[in-house]
>>> print(open('start22.txt').read())   # compact mmCIF, C-alpha atoms
# COMPACT_ATOMS: atom_id res chain seq x y z
CA MET A 20 17.86 -9.75 1.34
CA GLY A 21 14.74 -10.62 -0.64
CA PRO A 22 12.18 -9.84 -1.96
CA LEU A 23 14.59 -8.24 -4.39
CA ILE A 24 12.35 -5.51 -5.80
CA THR A 25 10.65 -4.55 -2.53
CA GLN A 26 14.01 -4.24 -0.83
CA GLY A 27 15.31 -2.08 -3.66
CA ILE A 28 18.07 -4.49 -4.63
CA ILE A 29 16.85 -4.49 -8.21
CA SER A 30 14.62 -1.82 -9.70
CA PRO A 31 10.90 -2.35 -10.40
CA GLU A 32 11.65 -2.06 -14.12
CA TRP A 33 12.82 -5.65 -13.93
CA ASN A 34 9.30 -6.78 -13.07
CA PRO A 35 8.00 -7.48 -16.59
CA ILE A 36 11.34 -8.96 -17.68
CA LEU A 37 11.47 -11.36 -14.76
CA ALA A 38 7.78 -12.18 -15.24
CA PHE A 39 8.50 -13.00 -18.86
CA VAL A 40 11.43 -15.28 -18.05
CA ILE A 41 9.65 -17.03 -15.17
CA GLY A 42 6.48 -17.35 -17.26
CA MET A 43 8.41 -18.99 -20.09
CA ALA A 44 10.04 -21.40 -17.66
CA PHE A 45 6.68 -22.15 -16.08
CA GLY A 46 5.07 -22.87 -19.43
CA PHE A 47 8.01 -25.06 -20.39
CA ALA A 48 7.75 -27.00 -17.12
CA LEU A 49 3.99 -27.47 -17.60
CA GLU A 50 4.52 -28.79 -21.10
CA GLN A 51 7.35 -31.10 -20.03
CA GLY A 52 5.18 -32.41 -17.20
CA GLY A 53 2.60 -33.47 -19.75
CA PHE A 54 0.09 -30.89 -18.59
CA SER A 55 -0.53 -29.77 -22.12
CA SER A 56 -2.76 -32.82 -22.53
CA ALA A 57 -6.33 -32.24 -21.47
CA ARG A 58 -6.56 -35.89 -20.36
CA LYS A 59 -3.90 -35.30 -17.73
CA LEU A 60 -5.93 -32.75 -15.82
CA ALA A 61 -9.22 -34.54 -16.32
CA GLY A 62 -7.51 -37.71 -15.07
CA VAL A 63 -7.42 -36.41 -11.51
CA PHE A 64 -11.17 -36.20 -11.43
CA TYR A 65 -11.64 -39.68 -12.91
CA GLY A 66 -8.86 -41.22 -10.86
CA TYR A 67 -6.71 -42.70 -13.62
CA ASP A 68 -3.92 -40.13 -13.52
CA MET A 69 -2.71 -38.46 -10.35
CA ILE A 70 0.28 -36.58 -11.76
CA VAL A 71 -1.43 -33.19 -11.45
CA LEU A 72 -2.16 -33.68 -7.78
CA ARG A 73 1.38 -34.85 -7.13
CA VAL A 74 2.87 -31.92 -8.99
CA PHE A 75 0.69 -29.49 -7.07
CA LEU A 76 1.65 -31.00 -3.74
CA THR A 77 5.32 -30.99 -4.68
CA ALA A 78 5.18 -27.36 -5.79
CA MET A 79 3.35 -26.23 -2.67
CA LEU A 80 5.71 -28.09 -0.36
CA THR A 81 8.83 -26.86 -2.16
CA ALA A 82 7.65 -23.26 -2.11
CA SER A 83 6.39 -23.17 1.47
CA VAL A 84 9.20 -25.17 3.06
CA GLY A 85 11.70 -23.16 1.03
CA LEU A 86 10.17 -19.85 2.10
CA LEU A 87 10.27 -20.74 5.77
CA PHE A 88 13.88 -21.85 5.56
CA PHE A 89 14.86 -18.80 3.51
CA ASN A 90 13.20 -16.61 6.11
CA TYR A 91 15.10 -18.36 8.87
CA LEU A 92 18.37 -17.89 7.04
CA GLY A 93 17.56 -14.23 6.39
CA TRP A 94 17.53 -14.62 2.61
CA ILE A 95 13.99 -13.37 2.33
CA ASP A 96 11.81 -11.20 4.53
CA TYR A 97 8.63 -13.15 5.09
CA ASP A 98 6.67 -10.04 6.10
CA LEU A 99 7.35 -8.26 2.84
CA ILE A 100 5.85 -10.96 0.67
CA TYR A 101 2.58 -9.89 -0.88
CA VAL A 102 -0.36 -11.83 0.54
CA ASN A 103 -3.53 -11.87 -1.46
CA PRO A 104 -6.41 -10.57 0.65
CA THR A 105 -9.05 -13.21 1.28
CA PHE A 106 -12.44 -12.43 -0.21
CA LEU A 107 -14.41 -15.46 0.93
CA TRP A 108 -17.37 -15.40 -1.42
CA SER A 109 -15.46 -14.62 -4.55
CA LEU A 110 -13.12 -17.49 -3.62
CA ILE A 111 -16.00 -19.94 -3.25
CA VAL A 112 -17.95 -18.85 -6.32
CA GLY A 113 -14.87 -18.34 -8.47
CA GLY A 114 -13.32 -21.61 -7.29
CA ALA A 115 -16.46 -23.56 -8.17
CA MET A 116 -16.62 -21.96 -11.60
CA VAL A 117 -12.95 -22.53 -12.38
CA GLY A 118 -13.23 -26.13 -11.11
CA THR A 119 -16.20 -26.81 -13.37
CA GLY A 120 -14.32 -25.27 -16.27
CA ILE A 121 -11.26 -27.43 -15.62
CA ILE A 122 -13.30 -30.65 -15.55
CA MET A 123 -15.17 -29.65 -18.69
CA ALA A 124 -12.15 -28.57 -20.70
CA GLY A 125 -9.25 -30.41 -19.12
CA PHE A 126 -7.24 -27.21 -19.01
CA CYS A 127 -6.56 -24.58 -16.45
CA PRO A 128 -5.62 -21.15 -17.80
CA GLY A 129 -1.88 -21.80 -17.51
CA THR A 130 -1.85 -25.21 -19.15
CA SER A 131 -4.14 -24.03 -21.96
CA PHE A 132 -1.50 -21.58 -23.13
CA ALA A 133 1.22 -24.21 -22.89
CA ALA A 134 -0.97 -26.53 -24.94
CA ALA A 135 -1.87 -23.86 -27.49
CA ALA A 136 1.84 -23.16 -27.92
CA ILE A 137 2.40 -26.73 -29.14
CA GLY A 138 -0.58 -26.48 -31.47
CA LYS A 139 -3.44 -28.14 -29.59
CA ILE A 140 -6.66 -26.94 -31.18
CA ASP A 141 -8.85 -27.67 -28.13
CA ALA A 142 -6.57 -25.40 -26.11
CA MET A 143 -6.99 -22.59 -28.63
CA VAL A 144 -10.77 -22.97 -28.38
CA PHE A 145 -10.39 -22.88 -24.61
CA ILE A 146 -8.42 -19.61 -24.81
CA GLY A 147 -11.16 -18.17 -27.01
CA GLY A 148 -13.72 -19.12 -24.37
CA LEU A 149 -11.47 -17.61 -21.70
CA ALA A 150 -11.39 -14.31 -23.57
CA ILE A 151 -15.16 -14.28 -24.05
CA GLY A 152 -15.64 -15.06 -20.35
CA VAL A 153 -13.29 -12.26 -19.31
CA PHE A 154 -15.13 -9.86 -21.59
CA ILE A 155 -18.57 -10.81 -20.24
CA TYR A 156 -17.31 -10.60 -16.68
CA GLY A 157 -15.81 -7.18 -17.30
CA GLU A 158 -18.96 -5.85 -18.92
CA THR A 159 -21.34 -7.17 -16.26
CA TYR A 160 -19.06 -6.59 -13.27
CA GLU A 161 -21.00 -3.69 -11.78
CA LEU A 162 -24.32 -5.21 -12.71
CA ILE A 163 -23.91 -8.68 -11.20
CA TRP A 164 -20.53 -9.46 -9.70
CA GLN A 165 -19.40 -6.49 -7.66
CA GLY A 166 -21.43 -7.43 -4.58
CA ILE A 167 -20.04 -10.96 -4.49
CA TYR A 168 -16.54 -9.78 -5.33
CA GLU A 169 -16.29 -7.36 -2.45
CA ALA A 170 -18.22 -9.37 0.13
CA ALA A 171 -16.62 -11.08 3.13
CA ASP A 172 -13.24 -9.35 2.95
CA PHE A 173 -11.03 -10.95 5.56
CA GLY A 174 -7.97 -8.93 4.62
CA ARG A 175 -4.51 -10.43 4.50
CA ILE A 176 -4.88 -13.43 6.71
CA ARG A 177 -2.48 -16.29 7.05
CA ILE A 178 -3.89 -19.68 7.89
CA TYR A 179 -1.57 -20.41 10.81
CA GLU A 180 -2.37 -17.05 12.39
CA THR A 181 -6.10 -17.75 12.07
CA LEU A 182 -5.60 -21.15 13.68
CA GLY A 183 -3.39 -19.61 16.35
CA ILE A 184 -0.46 -21.98 15.85
CA SER A 185 3.13 -21.41 14.81
CA SER A 186 4.06 -21.49 11.15
CA GLY A 187 6.41 -24.42 11.83
CA LEU A 188 3.68 -26.52 13.41
CA PHE A 189 1.27 -25.74 10.59
CA MET A 190 3.92 -26.63 8.02
CA PHE A 191 4.60 -29.93 9.78
CA LEU A 192 0.88 -30.82 9.80
CA PHE A 193 0.60 -29.80 6.19
CA ILE A 194 3.55 -31.99 5.24
CA ILE A 195 1.89 -34.97 6.96
CA PHE A 196 -1.35 -34.18 5.11
CA ALA A 197 0.46 -33.87 1.78
CA LEU A 198 2.38 -37.12 2.29
CA VAL A 199 -0.81 -39.02 3.20
CA LEU A 200 -2.49 -37.59 0.12
CA PHE A 201 0.52 -38.50 -2.01
CA TRP A 202 0.58 -42.11 -0.84
CA LEU A 203 -3.20 -42.33 -1.26
CA THR A 204 -2.84 -41.49 -4.93
CA ILE A 205 -1.05 -44.81 -5.49
CA PRO A 206 -3.97 -47.13 -4.54
CA ILE A 207 -6.46 -44.75 -6.18
CA LYS A 208 -4.54 -44.89 -9.43
CA ARG A 209 -4.29 -48.68 -9.21
CA LYS A 210 -8.02 -48.98 -8.72
CA PHE A 211 -8.88 -46.87 -11.72
CA SER A 212 -5.97 -47.79 -13.97
CA GLN A 213 -8.24 -50.06 -16.06
CA ARG A 214 -9.66 -46.86 -17.39
CA ASN A 215 -6.23 -45.61 -18.25
CA LEU A 216 -6.24 -44.29 -21.75
CA LYS A 217 -3.44 -44.27 -24.24
CA TYR A 218 -2.26 -40.82 -25.17
CA MET B 8 -2.71 -52.97 -17.30
CA GLU B 9 -0.21 -54.14 -14.69
CA ASN B 10 0.57 -52.15 -11.63
CA ALA B 11 3.98 -50.60 -11.67
CA PRO B 12 6.00 -51.21 -8.51
CA ILE B 13 6.25 -48.27 -6.15
CA LYS B 14 9.37 -46.35 -7.02
CA LYS B 15 12.17 -46.31 -4.49
CA ARG B 16 12.62 -42.55 -4.77
CA TYR B 17 9.10 -42.01 -3.43
CA TYR B 18 10.31 -43.33 -0.07
CA ILE B 19 13.45 -41.21 -0.17
CA VAL B 20 11.63 -37.99 -1.05
CA SER B 21 8.93 -38.64 1.54
CA GLY B 22 11.62 -39.17 4.15
CA ILE B 23 13.41 -35.94 3.25
CA VAL B 24 10.21 -33.89 3.31
CA LEU B 25 9.23 -35.36 6.66
CA LEU B 26 12.67 -34.53 8.04
CA LEU B 27 12.41 -30.93 6.81
CA GLY B 28 8.99 -30.71 8.46
CA LEU B 29 10.44 -31.92 11.74
CA ILE B 30 13.19 -29.31 11.55
CA LEU B 31 10.63 -26.58 10.84
CA LEU B 32 8.62 -27.74 13.81
CA PHE B 33 11.48 -26.87 16.14
CA LEU B 34 12.90 -23.93 14.22
CA PRO B 35 12.00 -20.59 15.77
CA PHE B 36 10.17 -18.31 13.36
CA LYS B 37 12.40 -15.33 12.85
CA LYS B 38 10.69 -12.04 12.33
CA ASN B 39 13.01 -10.04 10.14
CA ARG B 40 11.64 -6.57 10.54
CA SER B 41 12.24 -5.17 7.12
CA LYS B 42 14.79 -2.38 6.87
CA VAL B 43 15.53 0.21 4.29
CA SER B 44 19.08 -0.06 3.12
CA PRO B 45 21.35 2.29 5.10
CA GLU B 46 22.30 4.21 1.96
CA ASN B 47 18.70 4.91 0.99
CA LEU B 48 17.77 5.89 4.52
CA LEU B 49 20.69 8.28 4.75
CA LEU B 50 19.82 9.78 1.40
CA ALA B 51 16.19 10.26 2.39
CA ILE B 52 17.05 11.85 5.73
CA SER B 53 19.69 14.20 4.44
CA ASN B 54 17.48 15.34 1.59
CA GLU B 55 15.90 18.69 2.42
CA ASP B 56 13.22 18.37 -0.23
CA ARG B 57 10.70 17.17 2.30
CA PHE B 58 10.54 20.55 4.07
CA TYR B 59 7.95 23.22 3.50
CA SER B 60 8.97 26.59 4.90
CA PRO B 61 6.56 28.38 7.28
CA ASP B 62 6.13 31.16 4.69
CA LYS B 63 5.08 28.67 2.05
CA VAL B 64 2.63 26.93 4.38
CA ALA B 65 1.18 30.27 5.51
CA LYS B 66 0.70 31.33 1.92
CA LEU B 67 -1.05 28.06 1.08
CA ILE B 68 -3.35 28.33 4.09
CA ILE B 69 -4.28 31.93 3.42
CA SER B 70 -5.02 31.27 -0.22
CA GLU B 71 -7.14 28.30 0.89
CA ASP B 72 -5.31 26.11 -1.56
CA PRO B 73 -7.46 22.97 -1.89
CA SER B 74 -4.47 20.83 -2.87
CA ILE B 75 -2.91 20.99 0.57
CA GLN B 76 -3.79 18.91 3.62
CA LEU B 77 -2.22 19.79 6.94
CA ILE B 78 -1.85 16.92 9.36
CA ASP B 79 -1.17 17.61 13.01
CA VAL B 80 0.77 14.71 14.55
CA ARG B 81 0.67 16.07 18.11
CA THR B 82 -1.60 14.67 20.83
CA PRO B 83 -5.36 15.37 20.67
CA GLU B 84 -5.06 17.66 23.72
CA GLU B 85 -2.46 19.82 22.06
CA PHE B 86 -4.50 19.79 18.90
CA ALA B 87 -7.60 20.93 20.79
CA ALA B 88 -5.63 23.77 22.34
CA PHE B 89 -4.37 25.10 19.05
CA SER B 90 -4.11 23.98 15.48
CA LEU B 91 -3.53 25.49 12.12
CA PRO B 92 -6.69 26.17 10.08
CA GLY B 93 -7.92 23.18 8.12
CA ALA B 94 -5.58 20.75 9.82
CA ILE B 95 -6.65 17.27 10.79
CA ASN B 96 -5.26 15.48 13.79
CA ILE B 97 -3.56 12.10 13.46
CA PRO B 98 -1.32 11.71 16.52
CA LEU B 99 2.05 10.12 15.91
CA SER B 100 1.14 7.26 18.25
CA ALA B 101 -1.93 6.46 16.15
CA LEU B 102 -0.34 7.02 12.77
CA LEU B 103 0.15 3.37 11.91
CA ASP B 104 -3.00 1.99 13.56
CA LYS B 105 -4.44 -0.93 11.68
CA ASP B 106 -7.86 -2.47 11.73
CA GLU B 107 -8.35 -6.18 12.37
CA LYS B 108 -7.80 -6.94 8.71
CA GLY B 109 -4.40 -5.32 8.56
CA TYR B 110 -5.34 -2.18 6.66
CA TYR B 111 -3.88 1.11 7.83
CA LEU B 112 -6.74 3.19 9.23
CA TRP B 113 -5.40 6.53 8.04
CA GLU B 114 -3.77 5.48 4.82
CA GLY B 115 -6.45 7.33 2.86
CA TYR B 116 -5.19 10.59 4.36
CA LEU B 117 -1.50 9.83 4.47
CA ASN B 118 -1.05 8.23 1.09
CA GLN B 119 -2.51 10.48 -1.56
CA LYS B 120 -1.96 11.05 -5.18
CA ILE B 121 -3.67 14.43 -5.45
CA LYS B 122 -3.23 16.33 -2.22
CA THR B 123 0.03 17.45 -0.75
CA ILE B 124 0.35 16.44 2.89
CA VAL B 125 2.20 18.73 5.26
CA LEU B 126 2.94 17.13 8.61
CA TYR B 127 3.63 19.32 11.59
CA SER B 128 4.29 19.13 15.31
CA ASN B 129 5.61 21.64 17.81
CA GLY B 130 9.19 21.26 16.71
CA SER B 131 10.17 19.18 13.74
CA VAL B 132 11.19 16.02 15.55
CA TYR B 133 7.79 14.32 15.75
CA ALA B 134 6.74 15.46 12.30
CA ASN B 135 10.04 14.10 10.97
CA GLN B 136 9.38 10.80 12.69
CA ALA B 137 5.92 10.66 11.17
CA TRP B 138 7.43 11.48 7.80
CA MET B 139 9.99 8.67 8.16
CA LEU B 140 7.22 6.18 8.97
CA THR B 141 5.18 7.15 5.94
CA LYS B 142 8.30 7.21 3.80
CA ARG B 143 9.13 3.71 4.92
CA LEU B 144 5.66 2.56 3.82
CA ASN B 145 6.16 4.27 0.49
CA PHE B 146 3.28 6.69 1.03
CA LYS B 147 3.40 9.52 -1.45
CA ASN B 148 3.31 13.31 -1.26
CA ASN B 149 4.27 13.77 2.38
CA TYR B 150 6.14 16.88 3.52
CA VAL B 151 7.15 18.43 6.80
CA LEU B 152 6.62 21.94 8.10
CA LYS B 153 10.18 23.10 8.68
CA GLY B 154 10.81 23.89 12.32
CA GLY B 155 7.23 23.01 13.25
CA LEU B 156 4.77 25.33 14.95
CA ASN B 157 7.52 27.00 16.97
CA SER B 158 9.24 28.18 13.87
CA PHE B 159 5.87 29.06 12.34
CA PHE B 160 5.14 31.38 15.26
CA LYS B 161 8.59 32.83 15.26
CA THR B 162 8.70 33.65 11.57
CA ILE B 163 5.06 34.51 10.86
CA ILE B 164 3.24 35.59 13.99
CA LYS B 165 6.19 37.31 15.64
CA ALA B 166 7.89 38.42 12.47
CA GLU B 167 10.77 40.76 13.14
CA LYS B 168 10.93 43.97 11.26
CA PRO B 169 13.99 43.99 9.04
CA LEU B 170 16.38 46.91 9.09
CA ASN B 171 15.52 49.83 6.87
CA SER B 172 18.63 49.09 4.90
CA ALA B 173 17.51 45.53 4.16
CA PRO B 174 16.81 44.65 0.53
CA GLU B 175 13.34 45.17 -0.86
CA SER B 176 12.57 41.46 -1.09
CA GLU B 177 13.04 41.16 2.63
CA GLN B 178 10.75 44.14 3.22
CA GLU B 179 8.11 42.50 1.08
CA LEU B 180 8.48 39.24 2.98
CA TYR B 181 7.97 41.18 6.20
CA GLN B 182 4.83 42.79 4.82
CA PHE B 183 3.51 39.37 3.89
CA ARG B 184 4.33 37.97 7.31
CA LYS B 185 2.62 40.88 9.01
CA ALA B 186 -0.50 40.33 6.92
CA ALA B 187 -0.34 36.59 7.59
CA ALA B 188 -0.02 37.21 11.31
CA MET B 189 -3.21 39.26 11.16
CA PHE B 190 -4.89 36.41 9.30
CA PHE B 191 -3.86 33.95 11.99
CA GLY B 192 -5.21 36.14 14.76
CA GLY B 193 -3.16 39.31 14.88
CA GLY B 194 0.45 39.84 15.90
CA GLY B 195 0.99 38.60 19.41
CA SER B 196 -2.62 37.88 20.36
CA VAL B 197 -3.24 34.49 18.86
CA ASP B 198 -6.72 33.04 18.73
CA VAL B 199 -6.29 29.72 20.50
CA SER B 200 -9.56 28.03 19.61
CA PRO B 201 -9.24 25.48 16.81
CA SER B 202 -10.67 26.72 13.57
CA PRO B 203 -14.01 25.26 12.53
CA GLU B 204 -12.72 23.25 9.58
CA SER B 205 -10.01 21.44 11.49
CA GLN B 206 -10.83 17.92 12.56
CA PRO B 207 -9.70 16.17 15.74
CA ILE B 208 -9.04 12.46 15.36
CA GLN B 209 -12.20 11.49 17.24
CA ASN B 210 -14.34 12.96 14.47
CA LEU B 211 -12.15 11.66 11.72
CA PRO B 212 -13.63 8.78 9.76
CA PRO B 213 -10.92 6.18 9.05
CA LYS B 214 -9.93 6.08 5.42
CA LYS B 215 -8.40 2.80 4.45
CA LYS B 216 -7.13 1.74 1.12
CA LYS B 217 -8.24 -1.66 0.03
CA GLU B 218 -6.15 -3.41 -2.47
CA LYS B 219 -8.00 -5.32 -5.09
CA ALA B 220 -7.29 -9.00 -5.13
CA GLN B 221 -4.70 -9.80 -7.70
CA SER B 222 -5.29 -12.49 -10.22
CA GLY B 223 -3.35 -15.66 -9.74
CA GLY B 224 -3.60 -19.37 -10.18
CA CYS B 225 -2.18 -21.95 -12.46
>>> encode(input="start22.txt", output="structure tokens")
Amino acid sequence: MGPLITQGIISPEWNPILAFVIGMAFGFALEQGGFSSARKLAGVFYGYDMIVLRVFLTAMLTASVGLLFFNYLGWIDYDLIYVNPTFLWSLIVGGAMVGTGIIMAGFCPGTSFAAAAIGKIDAMVFIGGLAIGVFIYGETYELIWQGIYEAADFGRIRIYETLGISSGLFMFLFIIFALVLFWLTIPIKRKFSQRNLKY
Amino acid sequence: MENAPIKKRYYIVSGIVLLLGLILLFLPFKKNRSKVSPENLLLAISNEDRFYSPDKVAKLIISEDPSIQLIDVRTPEEFAAFSLPGAINIPLSALLDKDEKGYYLWEGYLNQKIKTIVLYSNGSVYANQAWMLTKRLNFKNNYVLKGGLNSFFKTIIKAEKPLNSAPESEQELYQFRKAAAMFFGGGGSVDVSPSPESQPIQNLPPKKKKEKAQSGGC
């Protein structure tokens, strides 16, 4: 049945409308989860608040387990889902830069907009920085970044295919990994909870 | 600050997730080969828009129209024996070849915005199959030589003289066909060597289309 647009069940004109609705819901969920506070995201790195990690694990597990079950039930065609091609170096360099930015600001691009929507001034400053960064990147792309961007193109790879195991086995291992990580967050938080801040 | 007790629902959720993981471990991975909906497929097949008539193709070749690209989907041997001028050879069996990264090797030829692709084979069966494959992948601007090379020979090279009483338009068409036949090597005696511009698949550099990584994240 799905993906709905690829299969022609609904027309591509729905794309921006659906994106708008899903984006609103996403922003709402981020705000309700408390992600609009910069301390929440920074907390992961200092160990006093593990909500972000838990939410990420929950989201990843829900999406991936759901996809595999949907595929099994024939509700979605797994092969038609767009897979981002893997560009290794841009992932490493970009990941390091985004990570540094998140620690420094306490926002990731999504949460900054949720926070700006409820009037957080630091988030608005962050968005300004984001825009400047995008502009500089765009202007210097051919000069500096293009080589890194296009290097080490692995195409559309899936991790279980690279490892040579079935998707079910990989998912099982990943669930174990996620559960271990989840239960580890409890003692970590206890250890650092003295540094818990009121907000 | 005091430590909060571990919530009961953490155990429940962990148990459920673990159970789902166990089920996935033993669930066979179903490969749903994606299908076009029957209605769309039927519509696409029954639509005659995809055909280029031999006369139209001949006219385009003779005028050396740069906007047209002929693609021969027959085997390399057949292609070496005879091909239309300017055609490139992508055999039907190799049409959907991918490299190790999953990019279609010939997508650069088969999926174009500017050029019009005319696929041909001896009849129209193989060219139609090639057309269906590209259609399925949503490649643009692909057409089929109606009736294939057989029909091309029959209508152009061995054009039959219409009756004297036939309308003038038909006489003109015959004149054109006669001239075209001379262009393609003279009525009856066809030059069988491939023309210099046509490219067999061995010499054809793969043209892939790389999609730019889309932005994503949180």
>>> interface_residues(input="start22.txt", of="chain A", to="chain B", cutoff="7 Å", atoms="all atoms listed in the file", output="ChimeraX atom specification")
/A:26,90-91,96,103-104,127-129,173-175,187-188,190-191,194,198,209,212-213
>>> residues_around(input="start22.txt", residues="Leu156 (chain B)", least_positions_apart="4", cutoff="8 Å", atoms="all atoms listed in the file", output="list in words")
Tyr127, Ser128, Asn129, Gly130, Leu152 and Phe160 of chain B
>>> atom_distance(input="start22.txt", atom1="CA of Glu167 (chain B)", atom2="CA of Phe89 (chain B)")
22.6 Å
>>> atom_distance(input="start22.txt", atom1="CA of Lys147 (chain B)", atom2="CA of Ala134 (chain B)")
15.3 Å
>>> atom_distance(input="start22.txt", atom1="CA of Ile124 (chain B)", atom2="CA of Glu32 (chain A)")
27.6 Å
>>> residues_around(input="start22.txt", residues="Met143 (chain A)", least_positions_apart="6", cutoff="10 Å", atoms="only C-alpha atoms", output="PyMOL selection string")
chain A and resi 131-132+134-136+149
>>> residues_around(input="start22.txt", residues="Val132 (chain B)", least_positions_apart="6", cutoff="12 Å", atoms="all atoms listed in the file", output="list in words")
Val80, Arg81, Leu99, Leu126, Trp138, Met139, Val151, Leu152, Lys153, Gly154, Gly155, Leu156 and Asn157 of chain B
>>> closest_residue(input="start22.txt", among="B:Pro92, B:Lys120, B:Ala87, B:Glu179", to="Ser70 (chain B)", atoms="all atoms listed in the file")
B:Pro92
>>> residues_around(input="start22.txt", residues="region 79-83 of chain A", least_positions_apart="2", cutoff="9 Å", atoms="all atoms listed in the file", output="tab-separated table (two decimals) with C-alpha atoms, in the coordinates of the input")
chain	number	residue	atom	x	y	z
A	74	VAL	CA	2.87	-31.92	-8.99
A	75	PHE	CA	0.69	-29.49	-7.07
A	76	LEU	CA	1.65	-31.00	-3.74
A	77	THR	CA	5.32	-30.99	-4.68
A	85	GLY	CA	11.70	-23.16	1.03
A	86	LEU	CA	10.17	-19.85	2.10
A	87	LEU	CA	10.27	-20.74	5.77
A	88	PHE	CA	13.88	-21.85	5.56
A	190	MET	CA	3.92	-26.63	8.02
A	193	PHE	CA	0.60	-29.80	6.19
A	194	ILE	CA	3.55	-31.99	5.24
A	197	ALA	CA	0.46	-33.87	1.78
B	24	VAL	CA	10.21	-33.89	3.31
>>> axis_aligned_box(input="start22.txt", around="region 151-162 of chain B", padding_each_side="6 Å", output="lines of an AutoDock Vina configuration file")
center_x = 7.8
center_y = 26.0
center_z = 11.9
size_x = 18.0
size_y = 27.2
size_z = 22.2
>>> build_atoms(input="start22.txt", residues="region 76-92 of chain B", atoms="N, CA and C atoms", output="PDB file, in the coordinates of the input")
ATOM      1  N   GLN B  76      -3.148  19.464   2.429  1.00  0.00           N
ATOM      2  CA  GLN B  76      -3.790  18.910   3.620  1.00  0.00           C
ATOM      3  C   GLN B  76      -2.788  18.926   4.757  1.00  0.00           C
ATOM      4  N   LEU B  77      -3.097  19.741   5.778  1.00  0.00           N
ATOM      5  CA  LEU B  77      -2.220  19.790   6.940  1.00  0.00           C
ATOM      6  C   LEU B  77      -2.603  18.664   7.896  1.00  0.00           C
ATOM      7  N   ILE B  78      -1.591  17.972   8.381  1.00  0.00           N
ATOM      8  CA  ILE B  78      -1.850  16.920   9.360  1.00  0.00           C
ATOM      9  C   ILE B  78      -1.042  17.201  10.617  1.00  0.00           C
ATOM     10  N   ASP B  79      -1.763  17.314  11.723  1.00  0.00           N
ATOM     11  CA  ASP B  79      -1.170  17.610  13.010  1.00  0.00           C
ATOM     12  C   ASP B  79      -0.859  16.283  13.698  1.00  0.00           C
ATOM     13  N   VAL B  80       0.425  16.007  13.956  1.00  0.00           N
ATOM     14  CA  VAL B  80       0.770  14.710  14.550  1.00  0.00           C
ATOM     15  C   VAL B  80       0.946  14.805  16.065  1.00  0.00           C
ATOM     16  N   ARG B  81       0.551  15.943  16.657  1.00  0.00           N
ATOM     17  CA  ARG B  81       0.670  16.070  18.110  1.00  0.00           C
ATOM     18  C   ARG B  81      -0.497  15.332  18.776  1.00  0.00           C
ATOM     19  N   THR B  82      -0.531  15.364  20.102  1.00  0.00           N
ATOM     20  CA  THR B  82      -1.600  14.670  20.830  1.00  0.00           C
ATOM     21  C   THR B  82      -2.927  15.413  20.634  1.00  0.00           C
ATOM     22  N   PRO B  83      -4.057  14.722  20.823  1.00  0.00           N
ATOM     23  CA  PRO B  83      -5.360  15.370  20.670  1.00  0.00           C
ATOM     24  C   PRO B  83      -5.531  16.581  21.585  1.00  0.00           C
ATOM     25  N   GLU B  84      -4.937  16.530  22.794  1.00  0.00           N
ATOM     26  CA  GLU B  84      -5.060  17.660  23.720  1.00  0.00           C
ATOM     27  C   GLU B  84      -4.387  18.904  23.142  1.00  0.00           C
ATOM     28  N   GLU B  85      -3.177  18.694  22.660  1.00  0.00           N
ATOM     29  CA  GLU B  85      -2.460  19.820  22.060  1.00  0.00           C
ATOM     30  C   GLU B  85      -3.197  20.343  20.847  1.00  0.00           C
ATOM     31  N   PHE B  86      -3.776  19.401  20.104  1.00  0.00           N
ATOM     32  CA  PHE B  86      -4.500  19.790  18.900  1.00  0.00           C
ATOM     33  C   PHE B  86      -5.722  20.616  19.267  1.00  0.00           C
ATOM     34  N   ALA B  87      -6.406  20.203  20.359  1.00  0.00           N
ATOM     35  CA  ALA B  87      -7.600  20.930  20.790  1.00  0.00           C
ATOM     36  C   ALA B  87      -7.237  22.343  21.239  1.00  0.00           C
ATOM     37  N   ALA B  88      -6.050  22.463  21.843  1.00  0.00           N
ATOM     38  CA  ALA B  88      -5.630  23.770  22.340  1.00  0.00           C
ATOM     39  C   ALA B  88      -5.330  24.735  21.193  1.00  0.00           C
ATOM     40  N   PHE B  89      -4.641  24.250  20.198  1.00  0.00           N
ATOM     41  CA  PHE B  89      -4.370  25.100  19.050  1.00  0.00           C
ATOM     42  C   PHE B  89      -4.031  24.237  17.844  1.00  0.00           C
ATOM     43  N   SER B  90      -4.528  24.676  16.702  1.00  0.00           N
ATOM     44  CA  SER B  90      -4.110  23.980  15.480  1.00  0.00           C
ATOM     45  C   SER B  90      -4.157  24.968  14.335  1.00  0.00           C
ATOM     46  N   LEU B  91      -3.475  24.646  13.297  1.00  0.00           N
ATOM     47  CA  LEU B  91      -3.530  25.490  12.120  1.00  0.00           C
ATOM     48  C   LEU B  91      -4.879  25.272  11.411  1.00  0.00           C
ATOM     49  N   PRO B  92      -5.384  26.299  10.734  1.00  0.00           N
ATOM     50  CA  PRO B  92      -6.690  26.170  10.080  1.00  0.00           C
ATOM     51  C   PRO B  92      -6.695  25.032   9.060  1.00  0.00           C
TER      52      PRO B  92
END
